[in-house]
file start03.pdb (PDB, C-alpha atoms, pLDDT in the B column)
ATOM      1  CA  MET A   1    -175.659  78.238  52.532  1.00 79.00           C
ATOM      2  CA  ARG A   2    -171.901  77.916  52.325  1.00 94.00           C
ATOM      3  CA  GLN A   3    -170.065  74.613  52.165  1.00 93.00           C
ATOM      4  CA  GLU A   4    -168.608  75.110  55.651  1.00 93.00           C
ATOM      5  CA  GLU A   5    -172.099  75.613  57.096  1.00 96.00           C
ATOM      6  CA  LYS A   6    -173.398  72.476  55.354  1.00 96.00           C
ATOM      7  CA  TRP A   7    -170.455  70.476  56.680  1.00 96.00           C
ATOM      8  CA  GLY A   8    -171.079  71.741  60.225  1.00 96.00           C
ATOM      9  CA  MET A   9    -174.780  70.961  59.959  1.00 97.00           C
ATOM     10  CA  MET A  10    -174.105  67.371  58.832  1.00 97.00           C
ATOM     11  CA  TYR A  11    -171.498  66.980  61.566  1.00 97.00           C
ATOM     12  CA  LYS A  12    -174.016  68.040  64.222  1.00 97.00           C
ATOM     13  CA  MET A  13    -176.692  65.775  62.726  1.00 97.00           C
ATOM     14  CA  VAL A  14    -174.429  62.704  62.860  1.00 97.00           C
ATOM     15  CA  VAL A  15    -173.219  63.440  66.412  1.00 97.00           C
ATOM     16  CA  CYS A  16    -176.788  63.983  67.657  1.00 97.00           C
ATOM     17  CA  PHE A  17    -177.934  60.777  65.953  1.00 96.00           C
ATOM     18  CA  ILE A  18    -175.177  58.705  67.572  1.00 95.00           C
ATOM     19  CA  GLU A  19    -175.739  60.199  71.023  1.00 94.00           C
ATOM     20  CA  ALA A  20    -179.526  59.757  70.812  1.00 94.00           C
ATOM     21  CA  ASN A  21    -179.563  56.217  69.395  1.00 92.00           C
ATOM     22  CA  HIS A  22    -176.329  54.849  70.918  1.00 91.00           C
ATOM     23  CA  ARG A  23    -175.326  53.381  67.558  1.00 92.00           C
ATOM     24  CA  ASN A  24    -173.813  54.422  64.251  1.00 94.00           C
ATOM     25  CA  PRO A  25    -175.876  55.136  61.113  1.00 93.00           C
ATOM     26  CA  SER A  26    -176.911  51.950  59.337  1.00 91.00           C
ATOM     27  CA  LYS A  27    -176.449  51.189  55.665  1.00 91.00           C
ATOM     28  CA  TYR A  28    -179.682  49.185  55.751  1.00 92.00           C
ATOM     29  CA  LYS A  29    -182.009  52.024  56.783  1.00 93.00           C
ATOM     30  CA  ILE A  30    -182.751  54.448  53.966  1.00 95.00           C
ATOM     31  CA  GLU A  31    -183.289  57.446  56.258  1.00 95.00           C
ATOM     32  CA  GLU A  32    -179.771  56.996  57.732  1.00 95.00           C
ATOM     33  CA  HIS A  33    -178.036  56.382  54.416  1.00 95.00           C
ATOM     34  CA  GLY A  34    -177.184  60.064  53.801  1.00 95.00           C
ATOM     35  CA  MET A  35    -175.367  60.345  57.128  1.00 96.00           C
ATOM     36  CA  LEU A  36    -173.408  57.162  56.471  1.00 96.00           C
ATOM     37  CA  ASN A  37    -172.376  58.342  53.004  1.00 97.00           C
ATOM     38  CA  TRP A  38    -171.244  61.678  54.467  1.00 97.00           C
ATOM     39  CA  VAL A  39    -169.084  59.885  57.056  1.00 97.00           C
ATOM     40  CA  LYS A  40    -167.578  57.566  54.438  1.00 97.00           C
ATOM     41  CA  ALA A  41    -166.779  60.439  52.049  1.00 97.00           C
ATOM     42  CA  ASN A  42    -165.110  62.449  54.819  1.00 97.00           C
ATOM     43  CA  ARG A  43    -163.155  59.420  56.060  1.00 97.00           C
ATOM     44  CA  LYS A  44    -161.891  58.927  52.512  1.00 97.00           C
ATOM     45  CA  ALA A  45    -160.868  62.602  52.289  1.00 97.00           C
ATOM     46  CA  LEU A  46    -159.099  62.372  55.668  1.00 96.00           C
ATOM     47  CA  ASN A  47    -157.142  59.271  54.651  1.00 96.00           C
ATOM     48  CA  ALA A  48    -156.169  60.876  51.328  1.00 96.00           C
ATOM     49  CA  GLY A  49    -154.995  64.022  53.109  1.00 95.00           C
ATOM     50  CA  LYS A  50    -157.492  66.234  51.278  1.00 95.00           C
ATOM     51  CA  MET A  51    -159.565  67.316  54.279  1.00 95.00           C
ATOM     52  CA  LYS A  52    -159.334  70.942  55.364  1.00 94.00           C
ATOM     53  CA  VAL A  53    -157.147  71.462  58.425  1.00 94.00           C
ATOM     54  CA  GLU A  54    -159.897  73.045  60.511  1.00 93.00           C
ATOM     55  CA  ARG A  55    -162.127  69.982  59.995  1.00 95.00           C
ATOM     56  CA  VAL A  56    -159.576  67.291  60.839  1.00 96.00           C
ATOM     57  CA  GLU A  57    -159.799  67.553  64.638  1.00 96.00           C
ATOM     58  CA  ARG A  58    -163.609  67.692  64.700  1.00 96.00           C
ATOM     59  CA  PHE A  59    -163.900  64.713  62.360  1.00 97.00           C
ATOM     60  CA  SER A  60    -161.327  62.741  64.384  1.00 96.00           C
ATOM     61  CA  ASN A  61    -163.490  63.286  67.478  1.00 96.00           C
ATOM     62  CA  LEU A  62    -166.486  61.983  65.531  1.00 96.00           C
ATOM     63  CA  LEU A  63    -164.554  58.859  64.540  1.00 96.00           C
ATOM     64  CA  LYS A  64    -163.663  58.257  68.201  1.00 96.00           C
ATOM     65  CA  LEU A  65    -167.337  58.575  69.119  1.00 95.00           C
ATOM     66  CA  MET A  66    -168.267  56.140  66.352  1.00 95.00           C
ATOM     67  CA  GLU A  67    -165.651  53.674  67.583  1.00 94.00           C
ATOM     68  CA  ARG A  68    -167.349  53.615  70.997  1.00 92.00           C
ATOM     69  CA  TYR A  69    -170.580  52.413  69.372  1.00 88.00           C
ATOM     70  CA  ARG A  70    -168.972  50.094  66.865  1.00 86.00           C
ATOM     71  CA  ARG A  71    -170.976  46.963  66.109  1.00 78.00           C
ATOM     72  CA  VAL A  72    -169.749  43.904  67.979  1.00 69.00           C
ATOM     73  CA  ASN A  73    -170.331  40.382  66.758  1.00 72.00           C
ATOM     74  CA  GLN A  74    -172.818  38.852  69.202  1.00 71.00           C
ATOM     75  CA  TYR A  75    -171.554  35.318  68.588  1.00 80.00           C
ATOM     76  CA  GLN A  76    -167.978  35.838  69.776  1.00 70.00           C
TER      77      GLN A  76
END

call {"tool": "encode", "arguments": {"input": "start03.pdb", "output": "structure tokens"}}
result
Amino acid sequence: MRQEEKWGMMYKMVVCFIEANHRNPSKYKIEEHGMLNWVKANRKALNAGKMKVERVERFSNLLKLMERYRRVNQYQ
């Protein structure tokens, strides 16, 4: 499997997870930890300007989706 295929597979997995569970992957649940690490690594690459051009738009859409389900402090 090529790197581009792996990236696309992880992208689909994260999007499906967010749409199914209406929340972002948690750092406290071991089974979700891989997805969270993938998102953090890609966010770091995007901010450093090292992400491939064809991935930037798709990943930006994922970040917008994640922002919709961002955790809100219940005590505010």

call {"tool": "resolve_selection", "arguments": {"input": "start03.pdb", "expression": "the PyMOL selection byres ((chain A and resi 11) around 10)", "output": "list in words"}}
result
Glu5, Lys6, Trp7, Gly8, Met9, Met10, Lys12, Met13, Val14, Val15, Cys16, Phe17, Met35, Trp38, Val39, Arg55, Arg58, Phe59 and Leu62 of chain A

call {"tool": "resolve_selection", "arguments": {"input": "start03.pdb", "expression": "the PyMOL selection byres ((chain A and resi 69) around 9)", "output": "list in words"}}
result
Ile18, His22, Arg23, Asn24, Leu65, Met66, Glu67, Arg68, Arg70, Arg71 and Val72 of chain A

call {"tool": "residues_near_point", "arguments": {"input": "start03.pdb", "point": "(-169.1, 52.9, 56.0)", "cutoff": "9 Å", "atoms": "all atoms listed in the file", "output": "number ranges by chain"}}
result
A: 25-27, 36-37, 39-41, 43

call {"tool": "build_atoms", "arguments": {"input": "start03.pdb", "residues": "range 22-48 of chain A", "atoms": "N, CA and C atoms", "output": "compact mmCIF listing (two decimals), in the coordinates of the input"}}
result
# COMPACT_ATOMS: atom_id res chain seq x y z
N HIS A 22 -177.40 55.71 70.39
CA HIS A 22 -176.33 54.85 70.92
C HIS A 22 -175.88 53.81 69.90
N ARG A 23 -175.83 54.24 68.63
CA ARG A 23 -175.33 53.38 67.56
C ARG A 23 -174.95 54.27 66.38
N ASN A 24 -174.23 53.70 65.44
CA ASN A 24 -173.81 54.42 64.25
C ASN A 24 -174.91 54.34 63.19
N PRO A 25 -174.90 55.23 62.20
CA PRO A 25 -175.88 55.14 61.11
C PRO A 25 -175.74 53.81 60.37
N SER A 26 -176.88 53.25 59.99
CA SER A 26 -176.91 51.95 59.34
C SER A 26 -177.00 52.09 57.83
N LYS A 27 -176.34 51.19 57.12
CA LYS A 27 -176.45 51.19 55.66
C LYS A 27 -177.74 50.52 55.20
N TYR A 28 -178.46 49.89 56.10
CA TYR A 28 -179.68 49.18 55.75
C TYR A 28 -180.94 50.03 55.92
N LYS A 29 -180.85 51.16 56.59
CA LYS A 29 -182.01 52.02 56.78
C LYS A 29 -181.86 53.24 55.87
N ILE A 30 -182.83 53.41 54.99
CA ILE A 30 -182.75 54.45 53.97
C ILE A 30 -182.62 55.84 54.58
N GLU A 31 -183.33 56.11 55.67
CA GLU A 31 -183.29 57.45 56.26
C GLU A 31 -181.93 57.78 56.88
N GLU A 32 -181.09 56.78 57.14
CA GLU A 32 -179.77 57.00 57.73
C GLU A 32 -178.67 56.95 56.67
N HIS A 33 -179.02 56.61 55.46
CA HIS A 33 -178.04 56.38 54.42
C HIS A 33 -177.24 57.64 54.07
N GLY A 34 -177.88 58.81 54.11
CA GLY A 34 -177.18 60.06 53.80
C GLY A 34 -176.09 60.37 54.81
N MET A 35 -176.37 60.11 56.09
CA MET A 35 -175.37 60.34 57.13
C MET A 35 -174.19 59.40 56.95
N LEU A 36 -174.47 58.14 56.65
CA LEU A 36 -173.41 57.16 56.47
C LEU A 36 -172.53 57.53 55.27
N ASN A 37 -173.15 57.94 54.18
CA ASN A 37 -172.38 58.34 53.00
C ASN A 37 -171.50 59.56 53.30
N TRP A 38 -172.02 60.50 54.09
CA TRP A 38 -171.24 61.68 54.47
C TRP A 38 -170.02 61.27 55.27
N VAL A 39 -170.21 60.35 56.22
CA VAL A 39 -169.08 59.88 57.06
C VAL A 39 -168.05 59.17 56.19
N LYS A 40 -168.51 58.31 55.29
CA LYS A 40 -167.58 57.57 54.44
C LYS A 40 -166.80 58.49 53.51
N ALA A 41 -167.46 59.50 52.95
CA ALA A 41 -166.78 60.44 52.05
C ALA A 41 -165.74 61.25 52.81
N ASN A 42 -166.07 61.67 54.03
CA ASN A 42 -165.11 62.45 54.82
C ASN A 42 -163.96 61.59 55.33
N ARG A 43 -164.23 60.33 55.65
CA ARG A 43 -163.16 59.42 56.06
C ARG A 43 -162.18 59.21 54.90
N LYS A 44 -162.72 59.09 53.70
CA LYS A 44 -161.89 58.93 52.51
C LYS A 44 -161.02 60.17 52.27
N ALA A 45 -161.63 61.35 52.46
CA ALA A 45 -160.87 62.60 52.29
C ALA A 45 -159.78 62.72 53.35
N LEU A 46 -160.09 62.31 54.59
CA LEU A 46 -159.10 62.37 55.67
C LEU A 46 -157.92 61.45 55.37
N ASN A 47 -158.20 60.24 54.95
CA ASN A 47 -157.14 59.27 54.65
C ASN A 47 -156.30 59.70 53.46
N ALA A 48 -156.91 60.41 52.50
CA ALA A 48 -156.17 60.88 51.33
C ALA A 48 -155.41 62.17 51.61
